[in-house]
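Heads up, query25.txt below (compact mmCIF, C-alpha atoms):
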```txt
# COMPACT_ATOMS: atom_id res chain seq x y z
CA MET D 1028 23.47 4.42 -12.83
CA LYS D 1029 20.86 7.03 -11.86
CA VAL D 1030 19.01 6.99 -8.53
CA ILE D 1031 16.61 9.34 -6.75
CA GLN D 1032 17.68 9.85 -3.14
CA ILE D 1033 17.18 12.17 -0.21
CA GLN D 1034 20.28 13.66 1.36
CA GLY D 1035 21.36 16.51 3.60
CA GLY D 1036 17.96 17.25 5.14
CA TYR D 1037 14.23 16.67 4.88
CA GLY D 1038 11.65 17.89 2.41
CA LEU D 1039 11.35 17.71 -1.38
CA ALA D 1040 14.12 20.28 -1.74
CA HIS D 1041 16.55 17.60 -0.55
CA VAL D 1042 15.39 14.93 -3.04
CA LYS D 1043 17.92 14.71 -5.87
CA GLN D 1044 18.80 12.61 -8.90
CA VAL D 1045 22.40 11.45 -8.58
CA GLU D 1046 24.78 8.89 -10.04
CA ARG D 1047 25.82 5.78 -8.10
CA GLU D 1048 28.00 2.84 -9.04
CA MET D 1049 26.25 -0.17 -10.52
CA PRO D 1050 25.54 -2.69 -7.72
CA ILE D 1051 26.96 -6.21 -8.00
CA PRO D 1052 24.94 -9.20 -6.75
CA GLY D 1053 26.58 -11.30 -4.04
CA PRO D 1054 25.79 -14.89 -3.06
CA LYS D 1055 22.04 -15.66 -3.32
CA GLU D 1056 21.38 -12.13 -4.56
CA VAL D 1057 19.80 -10.87 -7.79
CA LEU D 1058 20.50 -7.80 -9.94
CA ILE D 1059 17.26 -6.23 -11.18
CA LYS D 1060 16.77 -3.65 -13.91
CA ILE D 1061 13.89 -1.53 -12.62
CA ARG D 1062 11.03 -0.94 -15.06
CA ALA D 1063 8.46 0.87 -12.91
CA VAL D 1064 8.02 2.22 -9.38
CA ALA D 1065 4.81 3.02 -7.46
CA LEU D 1066 4.56 5.70 -4.79
CA ASN D 1067 2.99 5.38 -1.33
CA SER D 1068 2.03 7.95 1.31
CA ARG D 1069 4.79 6.40 3.43
CA ASP D 1070 7.30 7.83 0.93
CA LEU D 1071 6.16 11.31 1.89
CA GLY D 1072 6.69 10.39 5.53
CA VAL D 1073 10.25 9.33 4.74
CA ILE D 1074 10.87 12.60 2.89
CA ALA D 1075 9.45 14.52 5.85
CA GLY D 1076 11.70 12.69 8.31
CA ILE D 1077 9.05 10.61 10.07
CA TYR D 1078 10.53 7.19 9.23
CA GLN D 1079 14.23 8.05 8.93
CA PRO D 1080 15.40 10.29 11.78
CA ASP D 1081 19.08 9.86 10.85
CA LEU D 1082 20.08 10.88 7.33
CA SER D 1083 23.83 10.78 7.87
CA ASN D 1084 23.90 8.62 4.71
CA PRO D 1085 21.84 9.36 1.58
CA LEU D 1086 18.76 7.16 1.17
CA VAL D 1087 17.31 5.89 -2.12
CA LEU D 1088 13.55 6.47 -1.99
CA THR D 1089 10.41 4.32 -2.46
CA SER D 1090 9.52 0.74 -1.58
CA ASP D 1091 7.48 -0.57 -4.52
CA ALA D 1092 8.82 -1.53 -7.92
CA VAL D 1093 8.91 -4.17 -10.61
CA GLY D 1094 11.92 -5.07 -12.67
CA GLU D 1095 13.64 -7.65 -14.83
CA VAL D 1096 16.23 -10.05 -13.49
CA VAL D 1097 19.44 -9.34 -15.42
CA GLU D 1098 22.11 -11.13 -13.38
CA LEU D 1099 22.25 -13.82 -10.70
CA GLY D 1100 24.78 -13.92 -7.89
CA ALA D 1101 26.53 -17.13 -6.88
CA GLN D 1102 24.13 -19.83 -5.65
CA ALA D 1103 21.06 -17.80 -6.62
CA SER D 1104 18.57 -20.26 -8.11
CA LYS D 1105 15.03 -19.07 -7.28
CA PHE D 1106 14.68 -16.94 -10.44
CA SER D 1107 15.96 -16.91 -14.02
CA VAL D 1108 17.39 -14.08 -16.06
CA GLY D 1109 14.53 -12.30 -17.84
CA GLU D 1110 11.87 -12.97 -15.19
CA ARG D 1111 9.87 -10.03 -13.87
CA VAL D 1112 9.99 -9.64 -10.08
CA SER D 1113 9.10 -7.31 -7.22
CA GLY D 1114 10.79 -6.92 -3.87
CA ILE D 1115 8.72 -7.58 -0.76
CA PHE D 1116 8.41 -4.53 1.49
CA THR D 1117 9.78 -6.20 4.64
CA GLN D 1118 12.71 -8.14 3.22
CA SER D 1119 13.07 -10.55 6.14
CA TRP D 1120 9.35 -11.30 6.65
CA ILE D 1121 8.87 -14.52 4.70
CA ALA D 1122 5.85 -16.11 6.42
CA GLY D 1123 4.02 -16.36 9.74
CA GLU D 1124 3.89 -13.60 12.33
CA ALA D 1125 6.27 -10.66 12.08
CA SER D 1126 8.80 -9.89 14.79
CA GLN D 1127 10.30 -6.61 15.96
CA ALA D 1128 13.52 -7.54 14.17
CA ASN D 1129 11.70 -7.62 10.81
CA TRP D 1130 11.07 -3.87 10.90
CA GLY D 1131 14.76 -3.19 10.32
CA SER D 1132 14.51 -4.71 6.83
CA THR D 1133 11.91 -2.51 5.13
CA LEU D 1134 12.68 -1.03 1.71
CA GLY D 1135 12.80 2.74 1.33
CA SER D 1136 13.77 3.23 5.01
CA PRO D 1137 15.79 2.05 6.73
CA LEU D 1138 17.05 0.08 3.69
CA ASP D 1139 17.71 1.80 0.38
CA GLY D 1140 14.63 1.83 -1.78
CA MET D 1141 13.77 1.08 -5.39
CA LEU D 1142 13.84 4.39 -7.29
CA ALA D 1143 16.98 3.50 -9.20
CA GLU D 1144 17.91 2.11 -12.59
CA TYR D 1145 19.29 -1.07 -11.00
CA VAL D 1146 18.80 -2.69 -7.59
CA VAL D 1147 20.33 -5.75 -5.89
CA LEU D 1148 18.16 -7.75 -3.48
CA PRO D 1149 18.38 -11.18 -1.83
CA GLU D 1150 16.40 -13.75 -3.82
CA GLN D 1151 14.37 -14.62 -0.69
CA GLY D 1152 13.06 -11.04 -0.70
CA LEU D 1153 11.57 -11.26 -4.20
CA VAL D 1154 8.39 -12.61 -5.80
CA GLN D 1155 7.51 -13.20 -9.43
CA VAL D 1156 4.67 -10.93 -10.57
CA PRO D 1157 1.66 -11.87 -12.74
CA ASP D 1158 2.52 -11.89 -16.44
CA TYR D 1159 -0.67 -10.15 -17.61
CA LEU D 1160 -0.06 -6.95 -15.65
CA THR D 1161 1.72 -3.96 -17.16
CA ASP D 1162 4.93 -2.83 -15.47
CA ALA D 1163 3.13 0.08 -13.80
CA GLU D 1164 0.32 -2.19 -12.58
CA ALA D 1165 2.75 -4.76 -11.19
CA ALA D 1166 4.70 -2.05 -9.37
CA THR D 1167 1.62 -1.19 -7.26
CA LEU D 1168 1.45 -4.59 -5.56
CA PRO D 1169 4.15 -4.76 -2.83
CA CYS D 1170 2.72 -2.27 -0.31
CA ALA D 1171 -0.78 -1.14 -1.29
CA GLY D 1172 -1.83 -4.51 -2.68
CA VAL D 1173 -0.38 -6.66 0.10
CA THR D 1174 -1.65 -4.30 2.82
CA ALA D 1175 -5.20 -4.55 1.50
CA TRP D 1176 -4.92 -8.33 1.05
CA HIS D 1177 -3.64 -8.69 4.63
CA ALA D 1178 -6.50 -6.56 5.96
CA ILE D 1179 -9.36 -8.03 3.95
CA VAL D 1180 -8.37 -11.68 3.52
CA GLU D 1181 -5.57 -12.74 5.87
CA GLU D 1182 -6.72 -10.93 9.04
CA GLY D 1183 -10.21 -9.79 8.13
CA GLY D 1184 -11.57 -13.07 6.81
CA VAL D 1185 -14.13 -11.10 4.81
CA LYS D 1186 -16.76 -13.40 3.35
CA SER D 1187 -19.80 -13.31 1.10
CA GLY D 1188 -22.59 -11.21 2.61
CA ASP D 1189 -20.29 -9.00 4.70
CA THR D 1190 -20.35 -5.22 4.43
CA VAL D 1191 -16.97 -3.50 4.09
CA VAL D 1192 -16.31 0.25 4.30
CA VAL D 1193 -13.24 1.63 2.52
CA GLN D 1194 -12.13 5.19 3.18
CA GLY D 1195 -10.97 7.37 0.32
CA THR D 1196 -9.73 6.39 -3.10
CA GLY D 1197 -6.01 5.84 -2.60
CA GLY D 1198 -4.19 2.67 -3.50
CA VAL D 1199 -4.88 0.61 -0.35
CA SER D 1200 -8.55 1.56 -0.26
CA LEU D 1201 -9.16 0.67 -3.90
CA PHE D 1202 -7.31 -2.63 -3.57
CA ALA D 1203 -9.43 -3.33 -0.47
CA LEU D 1204 -12.55 -2.55 -2.49
CA GLN D 1205 -11.50 -4.98 -5.22
CA PHE D 1206 -10.48 -7.76 -2.80
CA ALA D 1207 -13.71 -7.39 -0.79
CA LYS D 1208 -15.74 -7.77 -3.99
CA LEU D 1209 -13.75 -10.91 -4.86
CA GLN D 1210 -14.91 -12.31 -1.51
CA GLY D 1211 -18.55 -11.49 -2.31
CA ALA D 1212 -18.91 -8.54 0.10
CA THR D 1213 -20.97 -5.38 -0.22
CA VAL D 1214 -18.64 -2.37 -0.32
CA ILE D 1215 -19.34 1.18 0.83
CA ALA D 1216 -16.76 3.75 -0.30
CA THR D 1217 -16.25 7.18 1.24
CA SER D 1218 -14.70 10.22 -0.42
CA SER D 1219 -14.93 14.01 -0.45
CA SER D 1220 -15.49 13.90 -4.23
CA ASP D 1221 -18.65 12.75 -6.02
CA GLU D 1222 -16.56 12.23 -9.15
CA LYS D 1223 -14.26 9.83 -7.32
CA LEU D 1224 -17.24 8.03 -5.77
CA GLU D 1225 -18.60 7.44 -9.26
CA LYS D 1226 -15.24 5.97 -10.29
CA ALA D 1227 -15.32 3.77 -7.20
CA ARG D 1228 -18.75 2.50 -8.24
CA GLN D 1229 -17.36 1.67 -11.68
CA LEU D 1230 -14.64 -0.32 -9.89
CA GLY D 1231 -17.28 -2.29 -7.99
CA ALA D 1232 -18.39 -0.23 -4.96
CA ASP D 1233 -22.07 -0.76 -4.16
CA PHE D 1234 -22.59 2.55 -2.34
CA GLY D 1235 -20.75 5.86 -1.98
CA ILE D 1236 -20.80 8.42 0.82
CA ASN D 1237 -19.45 11.95 0.40
CA TYR D 1238 -18.03 12.68 3.85
CA ARG D 1239 -17.76 16.39 3.08
CA ALA D 1240 -21.49 16.56 2.48
CA GLN D 1241 -22.15 14.11 5.34
CA PRO D 1242 -19.48 14.66 8.02
CA GLU D 1243 -21.19 12.12 10.32
CA TRP D 1244 -20.85 9.48 7.61
CA GLU D 1245 -21.26 6.66 10.11
CA ASN D 1246 -24.99 7.46 10.24
CA GLU D 1247 -25.26 6.75 6.53
CA VAL D 1248 -23.39 3.44 6.99
CA LEU D 1249 -25.88 2.46 9.70
CA LYS D 1250 -28.75 3.45 7.42
CA LEU D 1251 -27.38 1.42 4.50
CA THR D 1252 -26.93 -1.63 6.75
CA GLY D 1253 -30.37 -1.44 8.36
CA GLY D 1254 -28.89 -0.21 11.65
CA ARG D 1255 -26.55 -3.19 11.98
CA GLY D 1256 -23.28 -1.52 11.05
CA ALA D 1257 -20.36 -2.61 8.89
CA ASP D 1258 -18.57 -5.91 9.39
CA HIS D 1259 -15.19 -4.49 8.44
CA ILE D 1260 -13.83 -0.97 8.01
CA VAL D 1261 -10.49 -0.17 6.39
CA ASP D 1262 -9.39 2.99 8.23
CA VAL D 1263 -6.72 5.01 6.44
CA GLY D 1264 -7.36 8.36 8.11
CA GLY D 1265 -6.32 7.70 11.69
CA ALA D 1266 -6.85 10.74 13.90
CA SER D 1267 -9.96 12.19 12.25
CA THR D 1268 -11.66 8.94 11.20
CA LEU D 1269 -11.20 6.29 13.90
CA ASN D 1270 -14.05 7.42 16.17
CA HIS D 1271 -16.37 7.60 13.15
CA SER D 1272 -15.27 4.10 12.16
CA ILE D 1273 -16.10 2.72 15.60
CA SER D 1274 -19.55 4.29 15.45
CA ALA D 1275 -20.15 2.72 12.02
CA LEU D 1276 -19.16 -0.78 13.14
CA ARG D 1277 -21.45 -3.71 13.94
CA VAL D 1278 -21.13 -5.46 17.28
CA GLY D 1279 -18.06 -7.69 17.00
CA GLY D 1280 -16.89 -6.01 13.81
CA ARG D 1281 -13.30 -5.30 12.84
CA ILE D 1282 -11.40 -2.13 11.96
CA SER D 1283 -8.15 -2.52 10.03
CA ILE D 1284 -5.93 0.47 10.84
CA VAL D 1285 -3.70 0.93 7.82
CA GLY D 1286 -2.93 4.64 7.68
CA LEU D 1287 -2.63 7.94 9.47
CA LEU D 1288 -3.38 10.44 6.73
CA SER D 1289 -4.96 12.85 9.21
CA GLY D 1290 -2.47 12.20 12.02
CA GLY D 1291 -1.35 9.39 14.29
CA SER D 1292 -2.79 10.57 17.61
CA VAL D 1293 -6.54 10.22 18.24
CA GLU D 1294 -7.83 12.83 20.66
CA GLY D 1295 -11.05 11.99 22.50
CA PHE D 1296 -10.92 8.30 21.69
CA GLN D 1297 -14.41 6.93 22.34
CA VAL D 1298 -13.84 4.02 24.68
CA VAL D 1299 -17.50 3.35 25.52
CA PRO D 1300 -18.69 2.98 21.89
CA ALA D 1301 -15.72 0.68 21.25
CA ILE D 1302 -16.71 -1.49 24.23
CA VAL D 1303 -20.41 -1.49 23.31
CA ARG D 1304 -19.55 -2.68 19.81
CA LYS D 1305 -16.87 -5.14 20.99
CA ALA D 1306 -14.74 -3.43 18.35
CA ARG D 1307 -11.70 -5.34 17.17
CA LEU D 1308 -8.92 -2.99 16.07
CA GLN D 1309 -6.20 -4.62 13.98
CA ALA D 1310 -3.18 -2.59 12.89
CA ILE D 1311 -1.84 -3.72 9.51
CA ASN D 1312 1.81 -3.26 8.48
CA VAL D 1313 1.90 -4.50 4.85
CA GLY D 1314 2.56 -8.29 4.96
CA SER D 1315 4.84 -11.25 4.37
CA ARG D 1316 6.16 -12.84 1.20
CA ALA D 1317 3.67 -15.68 1.68
CA MET D 1318 0.80 -13.14 1.66
CA PHE D 1319 2.20 -11.50 -1.48
CA GLU D 1320 2.34 -14.85 -3.25
CA ALA D 1321 -1.20 -15.78 -2.17
CA MET D 1322 -2.48 -12.41 -3.39
CA ASN D 1323 -0.77 -12.90 -6.74
CA ARG D 1324 -2.50 -16.25 -7.22
CA ALA D 1325 -5.88 -14.67 -6.49
CA ILE D 1326 -5.49 -11.64 -8.74
CA THR D 1327 -4.21 -13.86 -11.56
CA GLN D 1328 -7.23 -16.14 -11.25
CA HIS D 1329 -9.55 -13.14 -11.55
CA THR D 1330 -7.32 -11.06 -13.89
CA LEU D 1331 -7.71 -8.13 -11.52
CA HIS D 1332 -6.17 -4.84 -12.66
CA PRO D 1333 -4.95 -2.24 -10.12
CA ALA D 1334 -6.30 1.30 -10.41
CA ILE D 1335 -3.65 3.74 -11.64
CA ASP D 1336 -4.16 7.49 -11.60
CA ARG D 1337 -1.09 8.78 -13.43
CA VAL D 1338 2.31 7.62 -14.70
CA PHE D 1339 5.40 9.85 -14.64
CA SER D 1340 8.83 9.39 -16.21
CA PHE D 1341 11.98 8.93 -14.12
CA GLU D 1342 12.99 12.50 -14.95
CA GLN D 1343 9.65 13.68 -13.49
CA ALA D 1344 10.16 11.93 -10.12
CA ILE D 1345 10.10 15.13 -8.06
CA GLU D 1346 6.92 16.17 -9.85
CA ALA D 1347 5.42 12.76 -9.04
CA PHE D 1348 6.12 13.21 -5.31
CA ASP D 1349 4.60 16.68 -5.46
CA TYR D 1350 1.51 15.24 -7.16
CA LEU D 1351 1.23 12.59 -4.43
CA GLN D 1352 1.52 15.31 -1.79
CA ASN D 1353 -1.33 17.23 -3.42
CA GLY D 1354 -3.63 14.31 -2.62
CA SER D 1355 -6.09 14.62 -5.52
CA TYR D 1356 -5.43 11.22 -7.09
CA PHE D 1357 -7.61 8.13 -7.67
CA GLY D 1358 -5.54 4.96 -7.32
CA LYS D 1359 -1.79 4.67 -7.62
CA ILE D 1360 0.86 7.07 -8.90
CA CYS D 1361 3.69 5.40 -10.79
CA ILE D 1362 7.08 6.23 -12.29
CA THR D 1363 8.41 4.31 -15.30
CA LEU D 1364 12.02 3.91 -16.26
```

Step by step, read the file and then write its structure as structure tokens.
Amino acid sequence: MKVIQIQGGYGLAHVKQVEREMPIPGPKEVLIKIRAVALNSRDLGVIAGIYQPDLSNPLVLTSDAVGEVVELGAQASKFSVGERVSGIFTQSWIAGEASQANWGSTLGSPLDGMLAEYVVLPEQGLVQVPDYLTDAEAATLPCAGVTAWHAIVEEGGVKSGDTVVVQGTGGVSLFALQFAKLQGATVIATSSSDEKLEKARQLGADFGINYRAQPEWENEVLKLTGGRGADHIVDVGGASTLNHSISALRVGGRISIVGLLSGGSVEGFQVVPAIVRKARLQAINVGSRAMFEAMNRAITQHTLHPAIDRVFSFEQAIEAFDYLQNGSYFGKICITL
């Protein structure tokens, strides 16, 4: 079978399509024929060597996919042949709080990922996906969808009347926009592109702020909220955005830290504004199987459709990673098999 893996060094030059033997499901495992894969910014971090310092063995890339169950191992009974499933990002995180040990079971580093024709996973690490979604749409759920659900619903407790700020127009931010609207919140989207802000409005955003035209975008958030500030901010930027997020927050508000697109070290962290606002900073690392299942029930009830920017073929996988690296997308980038 064909897989896309990184081997022998870091960077896109070391990402190759190779042949591997077909995997065989063991006890309580499931063989899945992959139909579609979705890319995340984390995948670029893996390729760059941030998440996988030791590449003594080749690593199959990506975490998010949907596929069809084609064979059951002995004693596997949770799913039937023909069902469409996705793997959960942290294979051992079923419910409740995560532990340090869980982080050794994440797909796409340190475990082999999903960019392959066939994958074997334990049945406990799988969920059935909503029937109405296309393969590409379903593939976007495991990381971006669950991360946003965790931030907005599970930890954030966003409710009707709240104001939520989402940064940018990547997968997590747009899922957060959609989930916040399901909860009845007002959503403010930020972007460097007026065109993308208009698309965000079509997806449900109430207001848009172009942070290139308004670098101190927190002032506009305060203006739009009558000086009160936002109840919840989904911060995907990290280094260049966190201080702005704190300044845009209401007293007692929450910031969900879900990304580090501009770097992971915040210089000049503003302690006093954080104290004045009683800012609650919650780091989000995707979520559990229980969160994934709860999210699936909600999106099915509302027939929510994920935002997809572009779909590539398996043979175009390297091109898809390059497109992700370019950063000009709106929503998710997918690969179909």

Determine, using only C-alpha atoms, which residues of segment 1112-1215 of chain D have any atom at most 6 Å from an atom of segment 1352-1363 of chain D, and tabulate each with its shortest atom pair and distance in Å to one decimal place, rows ordered by chain and then rising number, as a tab-separated table.
```
residue	atom	partner	partner_atom	distance
D:Thr1196	CA	D:Phe1357	CA	5.3
D:Gly1197	CA	D:Gly1358	CA	4.8
D:Gly1198	CA	D:Gly1358	CA	4.7
```

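Our summary of the geometry notes that atom CA of Leu1331 of chain D is positioned 20.6 Å from atom CA of Thr1190 of chain D.
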
The distance between atom CA of Ile1335 of chain D and atom CA of Thr1213 of chain D is 22.7 Å

Closest contacts (segment 1122-1190 of chain D/segment 1110-1114 of chain D, max 9 Å, all atoms listed in the file) as a tab-separated table:
```
residue	atom	partner	partner_atom	distance
D:Leu1134	CA	D:Gly1114	CA	8.3
D:Met1141	CA	D:Gly1114	CA	8.7
D:Leu1148	CA	D:Gly1114	CA	7.4
D:Pro1149	CA	D:Gly1114	CA	8.9
D:Glu1150	CA	D:Gly1114	CA	8.8
D:Gly1152	CA	D:Gly1114	CA	5.7
D:Leu1153	CA	D:Gly1114	CA	4.4
D:Val1154	CA	D:Val1112	CA	5.4
D:Gln1155	CA	D:Val1112	CA	4.4
D:Val1156	CA	D:Val1112	CA	5.5
D:Pro1157	CA	D:Arg1111	CA	8.5
D:Asp1158	CA	D:Arg1111	CA	8.0
D:Asp1162	CA	D:Arg1111	CA	8.9
D:Ala1165	CA	D:Ser1113	CA	7.9
D:Ala1166	CA	D:Ser1113	CA	7.2
D:Leu1168	CA	D:Ser1113	CA	8.3
D:Pro1169	CA	D:Gly1114	CA	7.1
```

Atom pair atom CA of Asp1139 of chain D + atom CA of Asn1084 of chain D, distance 10.2 Å

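Within 12 Å of Ala1125 of chain D, once all atoms listed in the file are used and residues closer than 6 positions along the same chain are dropped, the contacting residues are Thr1117, Gln1118, Ser1119, Gly1131, Ser1132, Ile1311, Asn1312, Val1313, Gly1314, Ser1315, Arg1316 and Ala1317 of chain D.
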
Counting all atoms listed in the file, which residues sit no farther than 9 Å from the position (-14.5, 13.1, -1.2) in the file's frame? I'd like them as a PyMOL selection string.
chain D and resi 1195-1196+1217-1224+1236-1240

* Extract, using all atoms listed in the file, all DNA, RNA and protein residues at most 12 Å from Gly1076 of chain D, discarding same-chain residues fewer than 3 positions from it, and format them as number ranges by chain. => D: 1033-1039, 1041, 1069-1073, 1079-1082, 1086, 1136-1137

Edge lengths and centre in Å to one decimal, as lines of an AutoDock Vina configuration file, of the axis-aligned box that encloses all listed atoms of segment 1057-1065 of chain D with 8 Å added on every side?
```
center_x = 12.7
center_y = -3.9
center_z = -11.3
size_x = 31.7
size_y = 29.9
size_z = 23.6
```

Got a sec: who's within 6 Å of segment 1045-1059 of chain D, counting only C-alpha atoms, leaving out chain neighbours fewer than 3 positions off, as a ChimeraX atom specification?
-> /D:1028-1030,1094-1103,1145-1150

Could you turn the residues from that selection into a file that holds C-alpha atoms, as a short mmCIF file (atom, residue, chain, number, x, y, z; two decimals), in the coordinates of the input?
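In the end it all went to again.cif:
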```cif
data_model
loop_
_atom_site.label_atom_id
_atom_site.label_comp_id
_atom_site.auth_asym_id
_atom_site.auth_seq_id
_atom_site.Cartn_x
_atom_site.Cartn_y
_atom_site.Cartn_z
CA MET D 1028 23.47 4.42 -12.83
CA LYS D 1029 20.86 7.03 -11.86
CA VAL D 1030 19.01 6.99 -8.53
CA GLY D 1094 11.92 -5.07 -12.67
CA GLU D 1095 13.64 -7.65 -14.83
CA VAL D 1096 16.23 -10.05 -13.49
CA VAL D 1097 19.44 -9.34 -15.42
CA GLU D 1098 22.11 -11.13 -13.38
CA LEU D 1099 22.25 -13.82 -10.70
CA GLY D 1100 24.78 -13.92 -7.89
CA ALA D 1101 26.53 -17.13 -6.88
CA GLN D 1102 24.13 -19.83 -5.65
CA ALA D 1103 21.06 -17.80 -6.62
CA TYR D 1145 19.29 -1.07 -11.00
CA VAL D 1146 18.80 -2.69 -7.59
CA VAL D 1147 20.33 -5.75 -5.89
CA LEU D 1148 18.16 -7.75 -3.48
CA PRO D 1149 18.38 -11.18 -1.83
CA GLU D 1150 16.40 -13.75 -3.82
#
```

Pull the closest atom pair for each residue of segment 1100-1208 of chain D that gets at most 8 Å from segment 1249-1272 of chain D, along with the distance in Å to one decimal, counting only C-alpha atoms, ordering rows by chain and then ascending residue number, as a Markdown table.
```
| residue | atom | partner | partner_atom | distance |
| --- | --- | --- | --- | --- |
| D:Ala1178 | CA | D:Val1261 | CA | 7.5 |
| D:Gly1183 | CA | D:His1259 | CA | 7.3 |
| D:Val1185 | CA | D:His1259 | CA | 7.6 |
| D:Asp1189 | CA | D:Asp1258 | CA | 5.9 |
| D:Thr1190 | CA | D:Ala1257 | CA | 5.2 |
| D:Val1191 | CA | D:His1259 | CA | 4.8 |
| D:Val1192 | CA | D:Ile1260 | CA | 4.6 |
| D:Val1193 | CA | D:Val1261 | CA | 5.1 |
| D:Gln1194 | CA | D:Asp1262 | CA | 6.2 |
| D:Gly1195 | CA | D:Val1263 | CA | 7.8 |
| D:Ser1200 | CA | D:Val1261 | CA | 7.1 |
| D:Ala1203 | CA | D:Val1261 | CA | 7.6 |
```

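Nearest to Arg1337 of chain D of all the residues D:Ala1306, D:Ala1075, D:Val1064, D:Ile1115 is D:Val1064, counting all atoms listed in the file.
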